[in-house]
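Enquirer: Below is one structure. I have some questions about it.
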Amino acid sequence: MESPGPSRRALFRGQLLTRPVAVINDDCLAEAGIVCRSCGDACGTSAIHFRPRIGLPPQAIVNEAACTGCGDCVAVCPGDAIALGAARDGGAS
Ligand code: SF4
Ligand code: SF4
């Protein structure tokens with residue numbers, strides 16, 4: 001017989017999956033060929049790094065494990081390209 005509700009483990013995982021982190025979408029100015037590092041400069045925990053690319057400015061990447069969900073990067077993004085959303089990795093690591 002199955003247990004009547006979610007296990008404690010499932011509840012814990014659910015909590016982690018809803019931990020807010022910065023999520024960057026395609027409105028990032030770098031996708032339009034414009035160099036910008038405002039989010040990285042604003043992040044107090046250095047959770048955003050910039051991955052070099054050929055043919056486009058470096059791509060901003062969020063290290064979800066280091067992101068506290070403070071929202072400072074959201075406020076400074078000139079492209080309105082960052083929102084707080086659920087961590088893809090479940091917050092593990
Ligand atoms: S601040 Fe916004 S536009 Fe600038 S690199 Fe970060 S996500 Fe892209
Ligand atoms: S939400 Fe805060 S901690 Fe996370 S990437 Fe943005 S500025 Fe850094």
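In the structure tokens, chains take letters A, B, ... by order of appearance, with residues numbered from 1 within each chain and ligands from 1 in the order shown.
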Could the residues of chain A that have an atom at most 10 Å from ligand 2 be listed as JSON lines, each with its closest atom pair and the distance in Å to one decimal, counting only C-alpha atoms and all ligand atoms and ordered by chain and ascending residue number?

Expert:
{"residue": "A:Pro20", "atom": "CA", "partner": "ligand 2", "partner_atom_place_in_ligand_line": "1 (S)", "distance": 8.1}
{"residue": "A:Val21", "atom": "CA", "partner": "ligand 2", "partner_atom_place_in_ligand_line": "4 (Fe)", "distance": 5.6}
{"residue": "A:Ala22", "atom": "CA", "partner": "ligand 2", "partner_atom_place_in_ligand_line": "1 (S)", "distance": 4.7}
{"residue": "A:Val23", "atom": "CA", "partner": "ligand 2", "partner_atom_place_in_ligand_line": "5 (S)", "distance": 8.1}
{"residue": "A:Ile24", "atom": "CA", "partner": "ligand 2", "partner_atom_place_in_ligand_line": "5 (S)", "distance": 9.3}
{"residue": "A:Ser38", "atom": "CA", "partner": "ligand 2", "partner_atom_place_in_ligand_line": "7 (S)", "distance": 9.8}
{"residue": "A:Cys39", "atom": "CA", "partner": "ligand 2", "partner_atom_place_in_ligand_line": "7 (S)", "distance": 6.6}
{"residue": "A:Gly40", "atom": "CA", "partner": "ligand 2", "partner_atom_place_in_ligand_line": "8 (Fe)", "distance": 7.3}
{"residue": "A:Asp41", "atom": "CA", "partner": "ligand 2", "partner_atom_place_in_ligand_line": "7 (S)", "distance": 8.5}
{"residue": "A:Ala42", "atom": "CA", "partner": "ligand 2", "partner_atom_place_in_ligand_line": "7 (S)", "distance": 5.7}
{"residue": "A:Cys43", "atom": "CA", "partner": "ligand 2", "partner_atom_place_in_ligand_line": "7 (S)", "distance": 3.6}
{"residue": "A:Gly44", "atom": "CA", "partner": "ligand 2", "partner_atom_place_in_ligand_line": "8 (Fe)", "distance": 6.0}
{"residue": "A:Thr45", "atom": "CA", "partner": "ligand 2", "partner_atom_place_in_ligand_line": "3 (S)", "distance": 5.6}
{"residue": "A:Ser46", "atom": "CA", "partner": "ligand 2", "partner_atom_place_in_ligand_line": "8 (Fe)", "distance": 6.3}
{"residue": "A:Ala47", "atom": "CA", "partner": "ligand 2", "partner_atom_place_in_ligand_line": "5 (S)", "distance": 5.0}
{"residue": "A:Ile48", "atom": "CA", "partner": "ligand 2", "partner_atom_place_in_ligand_line": "5 (S)", "distance": 5.5}
{"residue": "A:His49", "atom": "CA", "partner": "ligand 2", "partner_atom_place_in_ligand_line": "5 (S)", "distance": 9.3}
{"residue": "A:Ala60", "atom": "CA", "partner": "ligand 2", "partner_atom_place_in_ligand_line": "5 (S)", "distance": 9.8}
{"residue": "A:Ile61", "atom": "CA", "partner": "ligand 2", "partner_atom_place_in_ligand_line": "5 (S)", "distance": 8.8}
{"residue": "A:Val62", "atom": "CA", "partner": "ligand 2", "partner_atom_place_in_ligand_line": "5 (S)", "distance": 5.8}
{"residue": "A:Asn63", "atom": "CA", "partner": "ligand 2", "partner_atom_place_in_ligand_line": "5 (S)", "distance": 7.3}
{"residue": "A:Glu64", "atom": "CA", "partner": "ligand 2", "partner_atom_place_in_ligand_line": "4 (Fe)", "distance": 7.4}
{"residue": "A:Ala65", "atom": "CA", "partner": "ligand 2", "partner_atom_place_in_ligand_line": "4 (Fe)", "distance": 9.1}
{"residue": "A:Ala66", "atom": "CA", "partner": "ligand 2", "partner_atom_place_in_ligand_line": "3 (S)", "distance": 6.6}
{"residue": "A:Cys67", "atom": "CA", "partner": "ligand 2", "partner_atom_place_in_ligand_line": "4 (Fe)", "distance": 3.6}
{"residue": "A:Thr68", "atom": "CA", "partner": "ligand 2", "partner_atom_place_in_ligand_line": "3 (S)", "distance": 4.3}
{"residue": "A:Gly69", "atom": "CA", "partner": "ligand 2", "partner_atom_place_in_ligand_line": "1 (S)", "distance": 3.8}
{"residue": "A:Cys70", "atom": "CA", "partner": "ligand 2", "partner_atom_place_in_ligand_line": "2 (Fe)", "distance": 3.9}
{"residue": "A:Gly71", "atom": "CA", "partner": "ligand 2", "partner_atom_place_in_ligand_line": "1 (S)", "distance": 3.9}
{"residue": "A:Asp72", "atom": "CA", "partner": "ligand 2", "partner_atom_place_in_ligand_line": "7 (S)", "distance": 4.2}
{"residue": "A:Cys73", "atom": "CA", "partner": "ligand 2", "partner_atom_place_in_ligand_line": "7 (S)", "distance": 4.1}
{"residue": "A:Val74", "atom": "CA", "partner": "ligand 2", "partner_atom_place_in_ligand_line": "6 (Fe)", "distance": 6.4}
{"residue": "A:Ala75", "atom": "CA", "partner": "ligand 2", "partner_atom_place_in_ligand_line": "7 (S)", "distance": 8.7}
{"residue": "A:Val76", "atom": "CA", "partner": "ligand 2", "partner_atom_place_in_ligand_line": "7 (S)", "distance": 9.1}
{"residue": "A:Cys77", "atom": "CA", "partner": "ligand 2", "partner_atom_place_in_ligand_line": "6 (Fe)", "distance": 9.8}
{"residue": "A:Ile82", "atom": "CA", "partner": "ligand 2", "partner_atom_place_in_ligand_line": "6 (Fe)", "distance": 8.2}
{"residue": "A:Ala83", "atom": "CA", "partner": "ligand 2", "partner_atom_place_in_ligand_line": "1 (S)", "distance": 8.4}
{"residue": "A:Leu84", "atom": "CA", "partner": "ligand 2", "partner_atom_place_in_ligand_line": "1 (S)", "distance": 6.9}
{"residue": "A:Gly85", "atom": "CA", "partner": "ligand 2", "partner_atom_place_in_ligand_line": "1 (S)", "distance": 9.7}

Enquirer: Go ahead and dump the residues you just picked, N, CA and C atoms, as a compact mmCIF listing (two decimals), in the first residue's frame.

Expert:
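The new file out-v1.txt reads:
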# COMPACT_ATOMS: atom_id res chain seq x y z
N PRO A 20 14.19 30.40 -5.75
CA PRO A 20 14.34 31.32 -6.88
C PRO A 20 15.80 31.63 -7.20
N VAL A 21 16.08 31.63 -8.46
CA VAL A 21 17.40 32.03 -8.95
C VAL A 21 17.19 32.91 -10.18
N ALA A 22 18.24 33.61 -10.57
CA ALA A 22 18.16 34.45 -11.76
C ALA A 22 18.13 33.58 -13.01
N VAL A 23 17.21 33.90 -13.90
CA VAL A 23 17.10 33.20 -15.18
C VAL A 23 17.19 34.25 -16.29
N ILE A 24 18.12 34.06 -17.20
CA ILE A 24 18.35 35.02 -18.28
C ILE A 24 17.71 34.51 -19.56
N SER A 38 26.38 44.21 -17.21
CA SER A 38 25.78 44.88 -16.04
C SER A 38 25.35 43.89 -14.97
N CYS A 39 24.80 42.77 -15.38
CA CYS A 39 24.32 41.80 -14.38
C CYS A 39 25.50 41.23 -13.59
N GLY A 40 26.56 40.92 -14.28
CA GLY A 40 27.73 40.37 -13.61
C GLY A 40 28.34 41.38 -12.64
N ASP A 41 28.37 42.64 -13.07
CA ASP A 41 28.91 43.69 -12.21
C ASP A 41 28.05 43.88 -10.96
N ALA A 42 26.75 43.67 -11.10
CA ALA A 42 25.83 43.92 -9.97
C ALA A 42 25.77 42.76 -8.98
N CYS A 43 26.22 41.60 -9.39
CA CYS A 43 26.05 40.41 -8.55
C CYS A 43 27.11 40.34 -7.45
N GLY A 44 26.64 40.42 -6.23
CA GLY A 44 27.54 40.43 -5.09
C GLY A 44 28.17 39.09 -4.78
N THR A 45 27.63 38.03 -5.33
CA THR A 45 28.19 36.71 -5.06
C THR A 45 28.94 36.14 -6.28
N SER A 46 29.13 36.97 -7.28
CA SER A 46 29.83 36.54 -8.51
C SER A 46 29.20 35.28 -9.10
N ALA A 47 27.87 35.28 -9.09
CA ALA A 47 27.17 34.10 -9.59
C ALA A 47 26.98 34.12 -11.11
N ILE A 48 27.34 35.24 -11.74
CA ILE A 48 27.19 35.34 -13.20
C ILE A 48 28.57 35.44 -13.82
N HIS A 49 28.83 34.53 -14.75
CA HIS A 49 30.08 34.63 -15.50
C HIS A 49 29.75 34.76 -16.98
N ALA A 60 26.07 35.67 -20.83
CA ALA A 60 25.94 35.65 -19.37
C ALA A 60 25.35 34.32 -18.93
N ILE A 61 26.03 33.69 -17.99
CA ILE A 61 25.60 32.39 -17.47
C ILE A 61 25.45 32.49 -15.94
N VAL A 62 24.33 32.03 -15.43
CA VAL A 62 24.09 32.07 -13.99
C VAL A 62 24.53 30.75 -13.36
N ASN A 63 25.37 30.85 -12.37
CA ASN A 63 25.71 29.69 -11.54
C ASN A 63 24.64 29.58 -10.46
N GLU A 64 23.70 28.68 -10.70
CA GLU A 64 22.54 28.61 -9.82
C GLU A 64 22.91 28.27 -8.38
N ALA A 65 23.96 27.55 -8.20
CA ALA A 65 24.38 27.17 -6.86
C ALA A 65 24.86 28.39 -6.06
N ALA A 66 25.38 29.39 -6.79
CA ALA A 66 25.91 30.58 -6.12
C ALA A 66 24.88 31.71 -6.04
N CYS A 67 23.81 31.59 -6.81
CA CYS A 67 22.80 32.65 -6.85
C CYS A 67 21.93 32.58 -5.60
N THR A 68 21.76 33.74 -4.96
CA THR A 68 20.94 33.81 -3.76
C THR A 68 19.51 34.25 -4.06
N GLY A 69 19.26 34.60 -5.32
CA GLY A 69 17.93 35.08 -5.68
C GLY A 69 17.65 36.50 -5.19
N CYS A 70 18.71 37.27 -4.99
CA CYS A 70 18.54 38.61 -4.42
C CYS A 70 17.85 39.58 -5.38
N GLY A 71 17.99 39.34 -6.68
CA GLY A 71 17.32 40.18 -7.66
C GLY A 71 18.10 41.42 -8.08
N ASP A 72 19.28 41.61 -7.57
CA ASP A 72 20.05 42.80 -7.94
C ASP A 72 20.32 42.86 -9.44
N CYS A 73 20.56 41.72 -10.05
CA CYS A 73 20.82 41.69 -11.50
C CYS A 73 19.56 42.02 -12.29
N VAL A 74 18.42 41.62 -11.78
CA VAL A 74 17.15 41.90 -12.45
C VAL A 74 16.97 43.41 -12.58
N ALA A 75 17.30 44.10 -11.50
CA ALA A 75 17.07 45.55 -11.45
C ALA A 75 17.96 46.32 -12.42
N VAL A 76 19.15 45.83 -12.68
CA VAL A 76 20.08 46.61 -13.50
C VAL A 76 20.07 46.21 -14.97
N CYS A 77 19.42 45.13 -15.32
CA CYS A 77 19.51 44.65 -16.71
C CYS A 77 18.84 45.62 -17.68
N ILE A 82 16.17 39.46 -17.39
CA ILE A 82 16.38 38.56 -16.25
C ILE A 82 15.15 38.56 -15.36
N ALA A 83 14.75 37.37 -14.96
CA ALA A 83 13.66 37.22 -14.00
C ALA A 83 14.09 36.19 -12.97
N LEU A 84 13.41 36.18 -11.86
CA LEU A 84 13.67 35.14 -10.87
C LEU A 84 12.76 33.96 -11.16
N GLY A 85 13.35 32.79 -11.23
CA GLY A 85 12.57 31.59 -11.50
C GLY A 85 13.14 30.42 -10.74

Enquirer: Pick out the residues sitting within 10 Å of range 30-32 of chain A, and hand them over as a PDB file with N, CA and C atoms, in the first residue's frame; count only C-alpha atoms, and ignore anything fewer than 5 positions along from it in its own chain.

Expert:
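out_3.pdb written:
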ATOM      1  N   ASN A  25      16.939  35.374 -20.218  1.00  0.00           N
ATOM      2  CA  ASN A  25      16.286  34.940 -21.453  1.00  0.00           C
ATOM      3  C   ASN A  25      16.945  35.574 -22.687  1.00  0.00           C
ATOM      4  N   ARG A  37      27.699  43.740 -19.469  1.00  0.00           N
ATOM      5  CA  ARG A  37      28.072  42.913 -18.314  1.00  0.00           C
ATOM      6  C   ARG A  37      27.435  43.466 -17.045  1.00  0.00           C
ATOM      7  N   LEU A  56      29.497  36.510 -31.385  1.00  0.00           N
ATOM      8  CA  LEU A  56      28.584  37.245 -30.512  1.00  0.00           C
ATOM      9  C   LEU A  56      29.329  37.640 -29.243  1.00  0.00           C
ATOM     10  N   PRO A  57      28.875  38.710 -28.580  1.00  0.00           N
ATOM     11  CA  PRO A  57      29.492  39.053 -27.290  1.00  0.00           C
ATOM     12  C   PRO A  57      29.346  37.891 -26.301  1.00  0.00           C
ATOM     13  N   PRO A  58      30.178  37.868 -25.256  1.00  0.00           N
ATOM     14  CA  PRO A  58      30.112  36.782 -24.272  1.00  0.00           C
ATOM     15  C   PRO A  58      28.703  36.607 -23.698  1.00  0.00           C
ATOM     16  N   GLN A  59      28.363  35.362 -23.459  1.00  0.00           N
ATOM     17  CA  GLN A  59      27.024  35.026 -22.959  1.00  0.00           C
ATOM     18  C   GLN A  59      27.029  34.980 -21.438  1.00  0.00           C
ATOM     19  N   ALA A  60      26.073  35.669 -20.831  1.00  0.00           N
ATOM     20  CA  ALA A  60      25.942  35.654 -19.372  1.00  0.00           C
ATOM     21  C   ALA A  60      25.350  34.323 -18.926  1.00  0.00           C
ATOM     22  N   GLY A  79      18.193  45.200 -20.726  1.00  0.00           N
ATOM     23  CA  GLY A  79      17.353  44.501 -21.694  1.00  0.00           C
ATOM     24  C   GLY A  79      16.108  43.891 -21.076  1.00  0.00           C
TER      25      GLY A  79
END
